[in-house]
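Notes follow once the structure below has been shown.
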Amino acid sequence: MVDEEPAAIRLRKLRERSGLSIQAVADKLGHDGRSTYASREDVKKAKGRFIKVEHALSYLPVFVGRGDPPITRDDVMALTGTETLPAVSAPDPMDDDDEGEPRQGYLVLREYDVAGAAGYGAFPNLSPGGEARIVGEWRVPRSMLPARYQGGTIAIVSVQGDSMVPELMPEERVMVDISQTFMGPEGIYLLVFDDSLLVKRLQRVGNGKLRLVSKNPDFEPLIVPASEVRIVGRIIGRWEWK
């Protein structure tokens, strides 16, 4: 549910929660004086329900991690009116001495270098022994994931590029269900199109075609034949290592 309060008020509450003054925020943003940032908390000057995405992105390093409870990325991006994928907090990565095999009640989740695999225009095989290099491993309790994702079909990859900003940031880790190599319900997928590995929202438009949608308004949607899209998996959430 979208908050009905003006964005200026919600921004002020977020700043107050962070414990920072208006001047401190302005300094961290590199503004000369406090007036530019102060105007964004002024309901007479900033009348909308949402703030600009570029403003929210600039606030991330200023606010995230501050306050009680600590301000999250989602708290900041909510000011833009966008909805974000659910996040799972990652445990510490496995040590080199670990065998890489799951203990009873646990899964091993592997992170793959899809940027390297995509450089060949290839459909990346996100499994041990595939062409995508494993760059990290985590042993996690099965209970961390919904039951339908406990079969060991989850791979972790990093988002490349800024076409899904602000929903997904460049280099942000996401979880991919590699068992979903087909077009199911509308959602965000890791896919190959025109020899490029992409993260896009997929929508059916009829006549055997799909719409590839970016969250970033600077990128126009593409309508392409479904036969030209190869789905690597469905993105089910963000993987946050804290």
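Labels for the structure tokens follow display order: chains A, B, ..., residues from 1 in each chain, ligands from 1.
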(message) Using only C-alpha atoms, which protein or nucleic acid residues come within 9 Å of Arg234 (chain A)? Drop anything in the same chain fewer than 5 positions from it, and give the result as a ChimeraX atom specification.
(response) /A:175-184,187-191
For Val64 (chain A), list every protein, DNA or RNA residue within 8 Å, evaluated using only C-alpha atoms, and leave out those in the same chain fewer than 5 positions away; present the list as a PDB file with C-alpha atoms, in the first residue's frame.
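Saved file part_5.pdb follows:
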ATOM      1  CA  TYR A  59      20.196   9.449  -0.320  1.00  0.00           C
ATOM      2  CA  PRO A  70      18.369   0.998  10.856  1.00  0.00           C
ATOM      3  CA  ILE A  71      17.105   2.593   7.663  1.00  0.00           C
ATOM      4  CA  THR A  72      17.084   0.176   4.733  1.00  0.00           C
ATOM      5  CA  ARG A  73      17.417   0.649   1.012  1.00  0.00           C
ATOM      6  CA  VAL A  76      14.569   5.130   0.937  1.00  0.00           C
TER       7      VAL A  76
END
(request) Go ahead and compute the interatomic distance for CA of Pro217 (chain A) and CA of Met77 (chain A), in Å to one decimal. (result) 15.5 Å
(request) Go through A:Pro69, A:Gly30, A:Gly237, A:Gly81 one by one, measure the shortest atom-to-atom distance of each to Leu168 (chain A) using only C-alpha atoms, and give the residue with the smallest value. (result) A:Gly237
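Of the residues under consideration (A:Glu186, A:Glu220, A:Asp75, A:Glu240), A:Glu240 shows the shortest atom-to-atom contact distance to Ser158 (chain A) when counting only C-alpha atoms.
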